[in-house]
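upload_2.csv, holding CSV, C-alpha atoms and all ligand atoms:
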chain,number,residue,atom,x,y,z
A,1,MET,CA,226.9,82.9,120.4
A,2,ASP,CA,224.8,82.4,117.2
A,3,THR,CA,221.1,82.0,117.2
A,4,PRO,CA,220.8,78.2,116.8
A,5,ARG,CA,223.2,77.6,119.6
A,6,LEU,CA,221.5,80.0,121.9
A,7,PHE,CA,218.2,78.3,121.0
A,8,LYS,CA,219.6,74.9,121.8
A,9,LYS,CA,220.8,76.1,125.1
A,10,MET,CA,217.4,77.5,125.9
A,11,VAL,CA,215.7,74.2,124.9
A,12,LYS,CA,218.1,72.3,127.1
A,13,ARG,CA,217.2,74.5,130.0
A,14,LEU,CA,213.5,74.2,129.3
A,15,ILE,CA,213.4,70.4,129.1
A,16,PRO,CA,214.7,69.7,132.6
A,17,ALA,CA,212.4,72.3,134.0
A,18,ARG,CA,209.4,70.7,132.3
A,19,ARG,CA,210.5,67.3,133.5
A,20,LYS,CA,210.8,68.5,137.1
A,21,TYR,CA,207.3,70.1,136.8
A,22,ARG,CA,205.8,66.8,135.5
A,23,THR,CA,207.4,64.7,138.2
A,24,ASN,CA,206.1,67.0,140.9
A,25,THR,CA,202.6,66.9,139.5
A,26,THR,CA,202.6,63.2,139.4
A,27,THR,CA,203.8,62.9,142.9
A,28,ASN,CA,201.2,65.3,144.2
A,29,TYR,CA,198.4,63.4,142.3
A,30,SER,CA,199.5,60.1,143.8
A,31,MET,CA,199.6,61.6,147.2
A,32,LEU,CA,196.0,62.8,146.7
A,33,GLY,CA,195.1,59.2,145.8
A,34,GLY,CA,196.2,57.7,149.0
A,35,LEU,CA,198.5,59.5,151.4
A,36,ALA,CA,197.3,63.1,151.6
A,37,THR,CA,196.0,64.1,155.0
A,38,PRO,CA,192.6,65.3,153.8
A,39,PHE,CA,191.5,61.6,153.5
A,40,ASN,CA,192.2,60.9,157.2
A,41,PRO,CA,189.6,62.1,159.7
A,42,THR,CA,190.4,64.2,162.7
A,43,PRO,CA,190.8,62.2,165.9
A,44,SER,CA,187.1,62.8,166.5
A,45,PHE,CA,186.3,61.4,163.1
A,46,ILE,CA,184.0,64.2,162.3
A,47,TYR,CA,185.1,64.7,158.8
A,48,GLY,CA,184.9,61.1,157.6
A,49,PHE,CA,186.7,59.7,154.5
A,50,LYS,CA,188.8,56.9,156.0
A,51,GLY,CA,190.9,55.7,159.0
A,52,PRO,CA,194.6,56.4,159.1
A,53,ASN,CA,195.6,52.8,158.2
A,54,GLU,CA,193.1,52.2,155.4
A,55,SER,CA,194.1,52.5,151.8
A,56,VAL,CA,191.9,54.5,149.4
A,57,GLU,CA,192.8,52.3,146.5
A,58,GLU,CA,191.9,49.1,148.4
A,59,ILE,CA,188.6,50.5,149.6
A,60,ILE,CA,187.7,51.6,146.0
A,61,LYS,CA,188.7,48.2,144.6
A,62,SER,CA,186.8,46.1,147.1
A,63,ASP,CA,183.7,48.2,146.7
A,64,GLU,CA,183.9,47.9,142.9
A,65,ASN,CA,183.9,44.1,143.3
A,66,LEU,CA,181.0,44.4,145.8
A,67,LEU,CA,178.9,46.5,143.3
A,68,ARG,CA,179.5,43.9,140.6
A,69,GLU,CA,178.4,41.2,143.0
A,70,LEU,CA,175.3,43.2,143.9
A,71,LYS,CA,174.6,44.0,140.2
A,72,VAL,CA,174.2,47.7,140.8
A,73,THR,CA,176.1,50.7,139.3
A,74,HIS,CA,177.8,53.6,141.1
A,75,GLU,CA,175.4,55.9,139.1
A,76,GLU,CA,172.3,54.2,140.5
A,77,LEU,CA,173.6,54.5,144.1
A,78,ALA,CA,174.7,58.1,143.7
A,79,ALA,CA,171.3,59.0,142.2
A,80,LEU,CA,169.6,57.4,145.1
A,81,ILE,CA,171.5,59.7,147.5
A,82,ASP,CA,170.6,62.7,145.3
A,83,GLU,CA,166.9,61.7,145.8
A,84,VAL,CA,167.3,61.6,149.6
A,85,PHE,CA,168.6,65.2,149.4
A,86,ALA,CA,165.9,66.3,147.0
A,87,THR,CA,162.9,65.1,149.0
A,88,ASP,CA,161.0,67.4,151.3
A,89,ASP,CA,159.4,64.5,153.2
A,90,ASP,CA,160.5,63.4,156.6
A,91,VAL,CA,160.6,59.8,155.5
A,92,PHE,CA,162.5,58.0,152.6
A,93,CYS,CA,161.8,54.4,151.7
A,94,GLY,CA,159.9,54.1,155.0
A,95,CYS,CA,162.9,55.4,157.0
A,96,PRO,CA,162.7,58.6,159.1
A,97,LEU,CA,165.2,61.3,158.2
A,98,ILE,CA,167.2,63.7,160.4
A,99,ARG,CA,168.6,66.7,158.6
A,100,TRP,CA,171.7,68.8,159.5
A,101,THR,CA,172.8,72.1,158.0
A,102,ASN,CA,176.4,73.2,157.3
A,103,ILE,CA,177.9,70.4,159.3
A,104,HIS,CA,181.0,69.3,157.4
A,105,SER,CA,183.7,70.3,155.0
A,106,PRO,CA,182.2,70.4,151.4
A,107,ILE,CA,185.6,69.8,149.7
A,108,CYS,CA,186.3,66.6,147.9
A,109,PRO,CA,189.5,64.9,149.2
A,110,PHE,CA,190.5,64.2,145.6
A,111,GLY,CA,190.7,68.0,145.2
A,112,ASP,CA,188.4,68.4,142.2
A,113,PHE,CA,185.0,69.4,143.6
A,114,CYS,CA,183.3,71.5,146.2
A,115,THR,CA,179.6,71.1,147.1
A,116,LYS,CA,179.2,74.7,148.4
A,117,SER,CA,181.1,77.9,147.9
A,118,ILE,CA,183.0,79.1,150.9
A,119,PHE,CA,181.5,82.5,150.3
A,120,ASP,CA,178.0,81.1,150.5
A,121,TYR,CA,176.7,81.5,154.0
A,122,GLN,CA,173.1,80.4,153.3
A,123,PRO,CA,172.1,77.5,155.5
A,124,GLN,CA,172.0,74.3,153.5
A,125,VAL,CA,171.3,70.7,154.3
A,126,THR,CA,174.7,69.0,154.0
A,127,GLU,CA,174.0,65.8,155.9
A,128,ILE,CA,171.0,63.6,156.3
A,129,TRP,CA,170.7,60.6,158.7
A,130,LEU,CA,168.5,57.8,157.4
A,131,CYS,CA,167.2,55.9,160.4
A,132,ASP,CA,165.9,52.4,160.9
A,133,PRO,CA,162.2,52.7,161.7
A,134,ASP,CA,162.5,49.7,164.0
A,135,HIS,CA,164.9,51.6,166.2
A,136,TRP,CA,163.4,55.1,165.7
A,137,GLU,CA,162.4,55.5,169.4
A,138,GLU,CA,166.0,54.7,170.7
A,139,ILE,CA,167.5,57.0,168.0
A,140,GLN,CA,165.2,59.8,168.9
A,141,ALA,CA,165.9,59.5,172.6
A,142,TRP,CA,169.7,59.5,171.8
A,143,TYR,CA,169.3,62.5,169.5
A,144,HIS,CA,167.5,64.5,172.1
A,145,SER,CA,170.1,63.7,174.8
A,146,PHE,CA,173.0,64.9,172.7
A,147,THR,CA,171.6,68.0,171.0
A,148,THR,CA,172.4,69.9,174.1
A,149,ASN,CA,175.8,68.2,174.7
A,150,GLY,CA,177.5,68.5,171.3
A,151,TYR,CA,177.9,66.2,168.3
A,152,PRO,CA,178.2,62.5,169.4
A,153,ILE,CA,180.6,61.2,166.8
A,154,ASN,CA,181.6,58.0,168.6
A,155,ASP,CA,178.0,57.1,169.3
A,156,LEU,CA,177.2,57.8,165.7
A,157,LYS,CA,179.8,55.2,164.6
A,158,ARG,CA,178.3,52.7,166.9
A,159,PHE,CA,174.8,53.3,165.5
A,160,VAL,CA,176.1,53.1,162.0
A,161,ASP,CA,177.8,49.8,162.8
A,162,LEU,CA,174.5,48.5,164.2
A,163,LYS,CA,172.9,49.6,160.9
A,164,TRP,CA,170.4,51.8,162.8
A,165,VAL,CA,171.6,54.9,160.9
A,166,ILE,CA,173.1,55.6,157.5
A,167,VAL,CA,174.8,59.0,157.3
A,168,PHE,CA,174.6,60.8,153.9
A,169,SER,CA,176.7,63.7,153.1
A,170,ASP,CA,176.0,66.0,150.1
A,171,LEU,CA,179.5,65.1,149.0
A,172,HIS,CA,178.6,61.4,148.7
A,173,PRO,CA,177.0,61.5,145.2
A,174,HIS,CA,180.1,63.1,143.8
A,175,LEU,CA,182.5,60.7,145.7
A,176,ILE,CA,180.6,57.7,144.4
A,177,ARG,CA,180.1,58.9,140.8
A,178,ALA,CA,183.5,60.4,140.2
A,179,HIS,CA,185.8,58.3,142.4
A,180,HIS,CA,183.8,55.1,143.2
A,181,PHE,CA,184.6,56.0,146.8
A,182,PHE,CA,182.1,55.1,149.6
A,183,GLU,CA,184.6,56.2,152.3
A,184,GLY,CA,186.5,54.0,154.7
A,185,HIS,CA,185.2,51.3,157.1
A,186,GLU,CA,186.6,53.2,160.2
A,187,THR,CA,184.4,56.3,159.7
A,188,PRO,CA,180.7,56.7,160.3
A,189,TYR,CA,180.5,58.5,157.0
A,190,ARG,CA,181.0,55.3,155.0
A,191,VAL,CA,177.9,54.5,153.1
A,192,ASP,CA,177.4,50.7,152.9
A,193,PRO,CA,176.6,49.8,149.3
A,194,ARG,CA,174.6,46.7,150.5
A,195,LEU,CA,172.2,48.9,152.4
A,196,LEU,CA,171.9,51.4,149.5
A,197,ALA,CA,171.3,48.6,147.0
A,198,ARG,CA,168.4,47.3,149.2
A,199,MET,CA,166.6,50.7,148.8
A,200,LEU,CA,166.8,50.6,145.0
A,201,PRO,CA,163.4,50.0,143.3
A,202,ARG,CA,163.6,46.5,141.8
B,301,ZN,ZN,186.2,64.6,143.6

Hey, can you dump this file as structure tokens for me?
Amino acid sequence: MDTPRLFKKMVKRLIPARRKYRTNTTTNYSMLGGLATPFNPTPSFIYGFKGPNESVEEIIKSDENLLRELKVTHEELAALIDEVFATDDDVFCGCPLIRWTNIHSPICPFGDFCTKSIFDYQPQVTEIWLCDPDHWEEIQAWYHSFTTNGYPINDLKRFVDLKWVIVFSDLHPHLIRAHHFFEGHETPYRVDPRLLARMLPR
């Protein structure tokens, strides 16, 4: 076999291999965009992201419309959450804060970011609950009752739905900036853009 023919044969072999690689990459990316398991919470909902029947694309699209309606940007809301994590005060915008350390997975479900190295064992505030001052007494009584009995994820969802508590994770600023993702409506880790927008200085 002369050199040009050999080369042609090699090229032929290379092209299908490349095509196959590209197809696989695309498939994996689209799975990460909506179907991959990391987006779905555990049965106890402790890791957030979204409920099993919610679509990531639809959540993002409807929140983008909501932000246009509210006339706020993803950057403004992400920066506000950064501020909550940066403050040393026990109160933010008049709302008491409850801080948690090392409570959740720091890995972005889109697979492009991690808030904390898995080799870093230093305690770090990874979650902050911003509490409605009008219900602070009830929240505190509830908090003291469960700190001995484990993390009350179902109660937390109820309190979030009542708008007594907003749960901030240290992953939220990245999820909002990079992916416009505020998490699904079925998890207590969804940050309601309407509530965030009310806290912006205007
Ligand atoms: Zn990401």

Near-ligand residues for ligand ZN 301 (chain B), threshold 7 Å, all atoms listed in the file, as number ranges by chain:
A: 108-113, 174-175, 178-179

In terms of the shortest atom-to-atom distance over all atoms listed in the file, which of A:Thr115, A:Asp155, A:Trp164, A:Asn102 is closest to A:Glu137?
A:Trp164

Find the residues around A:Asp134 up to 12 Å (only C-alpha atoms counted), leave out those fewer than 3 positions away in its own chain, and share them as a VMD selection string.
chain A and resid 94 to 96 131 137 to 140 163 to 165

Do you know which residues are at most 8 Å from stretch 122-126 of chain A counting all atoms listed in the file, after dropping those on the same chain fewer than 6 positions away, and could you put them as a PDB file with C-alpha atoms, in the frame of the given file?
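Saved the output as selection_27.pdb:
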ATOM      1  CA  PHE A  85     168.600  65.200 149.400  1.00  0.00           C
ATOM      2  CA  ARG A  99     168.600  66.700 158.600  1.00  0.00           C
ATOM      3  CA  TRP A 100     171.700  68.800 159.500  1.00  0.00           C
ATOM      4  CA  THR A 101     172.800  72.100 158.000  1.00  0.00           C
ATOM      5  CA  ASN A 102     176.400  73.200 157.300  1.00  0.00           C
ATOM      6  CA  ILE A 103     177.900  70.400 159.300  1.00  0.00           C
ATOM      7  CA  HIS A 104     181.000  69.300 157.400  1.00  0.00           C
ATOM      8  CA  SER A 169     176.700  63.700 153.100  1.00  0.00           C
ATOM      9  CA  ASP A 170     176.000  66.000 150.100  1.00  0.00           C
ATOM     10  CA  LEU A 171     179.500  65.100 149.000  1.00  0.00           C
TER      11      LEU A 171
END

Would you work out the distance separating atom CA of A:Leu196 from atom CA of A:Trp129, expressed in Å to one decimal?
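Taking atom CA of A:Leu196 as the start and atom CA of A:Trp129 as the end point, the length is 13.1 Å.
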
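Selection around (180.2, 51.5, 161.9) with radius 8 Å, counting all atoms listed in the file, yields the residues Leu156, Lys157, Arg158, Phe159, Val160, Asp161, Leu162, Lys163, His185, Glu186, Thr187, Pro188 and Arg190 of chain A.
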
Mind writing the picked residues with C-alpha atoms as a short mmCIF file (atom, residue, chain, number, x, y, z; two decimals), keeping the file's coordinate frame?
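Now in result33.cif:
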data_model
loop_
_atom_site.label_atom_id
_atom_site.label_comp_id
_atom_site.auth_asym_id
_atom_site.auth_seq_id
_atom_site.Cartn_x
_atom_site.Cartn_y
_atom_site.Cartn_z
CA LEU A 156 177.20 57.80 165.70
CA LYS A 157 179.80 55.20 164.60
CA ARG A 158 178.30 52.70 166.90
CA PHE A 159 174.80 53.30 165.50
CA VAL A 160 176.10 53.10 162.00
CA ASP A 161 177.80 49.80 162.80
CA LEU A 162 174.50 48.50 164.20
CA LYS A 163 172.90 49.60 160.90
CA HIS A 185 185.20 51.30 157.10
CA GLU A 186 186.60 53.20 160.20
CA THR A 187 184.40 56.30 159.70
CA PRO A 188 180.70 56.70 160.30
CA ARG A 190 181.00 55.30 155.00
#

Please provide the set of residues having any atom within 10 Å of A:Leu70, restricted to only C-alpha atoms, with same-chain residues fewer than 4 positions apart removed, written as a ChimeraX atom specification.
/A:64-66,193-194,197-198

Excluding A:Leu97 and residues on its chain fewer than 2 positions from it, collect all residues at most 6 Å away from it, counting all atoms listed in the file, and give them as a list in words.
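Neighbouring residues, sequence-local ones excluded: Asp90, Val91, Trp129 and Leu130 of chain A.
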
If we count all atoms listed in the file and set the cut-off at 9 Å, which residues sit around A:Phe182, ignoring sequence neighbours fewer than 5 positions away in its own chain? Please answer as a list in words.
Phe49, Ile59, Ile60, Asp63, His172, Leu175, Ile176, Tyr189, Arg190, Val191, Asp192 and Pro193 of chain A

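Atom CA of A:Pro52 is positioned 8.2 Å from atom CA of A:Phe39.
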
Between atom CA of A:Val72 and atom CA of A:His180, what is the spacing in Å?
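That distance, rounded to one decimal, is 12.4 Å.
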
From A:Leu195, A:Glu127, A:Lys116, A:Arg177, residue lying nearest A:Ala79 [only C-alpha atoms]:
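Of A:Leu195, A:Glu127, A:Lys116, A:Arg177, the one nearest A:Ala79 is A:Arg177, counting only C-alpha atoms.
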
Model the absent atoms of stretch 67-95 of chain A so that N, CA and C atoms are present, and write the result as an mmCIF file, in the coordinates of the input.
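Dumped everything to out_36.cif:
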data_model
loop_
_atom_site.group_PDB
_atom_site.id
_atom_site.type_symbol
_atom_site.label_atom_id
_atom_site.label_comp_id
_atom_site.auth_asym_id
_atom_site.auth_seq_id
_atom_site.Cartn_x
_atom_site.Cartn_y
_atom_site.Cartn_z
ATOM 1 N N LEU A 67 179.984 45.971 144.177
ATOM 2 C CA LEU A 67 178.900 46.500 143.300
ATOM 3 C C LEU A 67 178.644 45.491 142.143
ATOM 4 N N ARG A 68 179.718 44.880 141.642
ATOM 5 C CA ARG A 68 179.500 43.900 140.600
ATOM 6 C C ARG A 68 178.724 42.697 141.118
ATOM 7 N N GLU A 69 179.063 42.285 142.352
ATOM 8 C CA GLU A 69 178.400 41.200 143.000
ATOM 9 C C GLU A 69 176.889 41.534 143.224
ATOM 10 N N LEU A 70 176.624 42.781 143.617
ATOM 11 C CA LEU A 70 175.300 43.200 143.900
ATOM 12 C C LEU A 70 174.486 43.556 142.623
ATOM 13 N N LYS A 71 175.214 43.610 141.495
ATOM 14 C CA LYS A 71 174.600 44.000 140.200
ATOM 15 C C LYS A 71 173.965 45.343 140.218
ATOM 16 N N VAL A 72 174.655 46.300 140.835
ATOM 17 C CA VAL A 72 174.200 47.700 140.800
ATOM 18 C C VAL A 72 175.348 48.568 140.330
ATOM 19 N N THR A 73 175.011 49.766 139.846
ATOM 20 C CA THR A 73 176.100 50.700 139.300
ATOM 21 C C THR A 73 176.295 51.800 140.334
ATOM 22 N N HIS A 74 177.468 52.415 140.216
ATOM 23 C CA HIS A 74 177.800 53.600 141.100
ATOM 24 C C HIS A 74 176.765 54.692 140.785
ATOM 25 N N GLU A 75 176.379 54.847 139.513
ATOM 26 C CA GLU A 75 175.400 55.900 139.100
ATOM 27 C C GLU A 75 174.088 55.684 139.847
ATOM 28 N N GLU A 76 173.607 54.432 139.883
ATOM 29 C CA GLU A 76 172.300 54.200 140.500
ATOM 30 C C GLU A 76 172.368 54.543 142.017
ATOM 31 N N LEU A 77 173.467 54.200 142.689
ATOM 32 C CA LEU A 77 173.600 54.500 144.100
ATOM 33 C C LEU A 77 173.745 55.974 144.390
ATOM 34 N N ALA A 78 174.513 56.646 143.524
ATOM 35 C CA ALA A 78 174.700 58.100 143.700
ATOM 36 C C ALA A 78 173.356 58.811 143.457
ATOM 37 N N ALA A 79 172.594 58.359 142.456
ATOM 38 C CA ALA A 79 171.300 59.000 142.200
ATOM 39 C C ALA A 79 170.318 58.791 143.309
ATOM 40 N N LEU A 80 170.422 57.652 143.994
ATOM 41 C CA LEU A 80 169.600 57.400 145.100
ATOM 42 C C LEU A 80 169.833 58.419 146.262
ATOM 43 N N ILE A 81 171.102 58.708 146.496
ATOM 44 C CA ILE A 81 171.500 59.700 147.500
ATOM 45 C C ILE A 81 170.993 61.088 147.102
ATOM 46 N N ASP A 82 171.108 61.392 145.798
ATOM 47 C CA ASP A 82 170.600 62.700 145.300
ATOM 48 C C ASP A 82 169.076 62.778 145.621
ATOM 49 N N GLU A 83 168.370 61.660 145.484
ATOM 50 C CA GLU A 83 166.900 61.700 145.800
ATOM 51 C C GLU A 83 166.659 61.955 147.253
ATOM 52 N N VAL A 84 167.494 61.391 148.137
ATOM 53 C CA VAL A 84 167.300 61.600 149.600
ATOM 54 C C VAL A 84 167.468 63.140 149.849
ATOM 55 N N PHE A 85 168.448 63.785 149.198
ATOM 56 C CA PHE A 85 168.600 65.200 149.400
ATOM 57 C C PHE A 85 167.539 66.049 148.747
ATOM 58 N N ALA A 86 166.923 65.509 147.699
ATOM 59 C CA ALA A 86 165.900 66.300 147.000
ATOM 60 C C ALA A 86 164.541 66.232 147.638
ATOM 61 N N THR A 87 164.279 65.202 148.449
ATOM 62 C CA THR A 87 162.900 65.100 149.000
ATOM 63 C C THR A 87 162.671 66.074 150.128
ATOM 64 N N ASP A 88 161.417 66.516 150.212
ATOM 65 C CA ASP A 88 161.000 67.400 151.300
ATOM 66 C C ASP A 88 160.335 66.600 152.417
ATOM 67 N N ASP A 89 160.110 65.306 152.162
ATOM 68 C CA ASP A 89 159.400 64.500 153.200
ATOM 69 C C ASP A 89 160.337 64.184 154.348
ATOM 70 N N ASP A 90 159.711 63.752 155.441
ATOM 71 C CA ASP A 90 160.500 63.400 156.600
ATOM 72 C C ASP A 90 160.836 61.902 156.631
ATOM 73 N N VAL A 91 160.378 61.207 155.597
ATOM 74 C CA VAL A 91 160.600 59.800 155.500
ATOM 75 C C VAL A 91 161.064 59.438 154.090
ATOM 76 N N PHE A 92 162.031 58.501 153.966
ATOM 77 C CA PHE A 92 162.500 58.000 152.600
ATOM 78 C C PHE A 92 162.546 56.529 152.683
ATOM 79 N N CYS A 93 161.882 55.862 151.731
ATOM 80 C CA CYS A 93 161.800 54.400 151.700
ATOM 81 C C CYS A 93 161.360 53.840 153.051
ATOM 82 N N GLY A 94 160.432 54.531 153.722
ATOM 83 C CA GLY A 94 159.900 54.100 155.000
ATOM 84 C C GLY A 94 160.844 54.367 156.180
ATOM 85 N N CYS A 95 161.966 55.059 155.940
ATOM 86 C CA CYS A 95 162.900 55.400 157.000
ATOM 87 C C CYS A 95 162.886 56.844 157.372
#
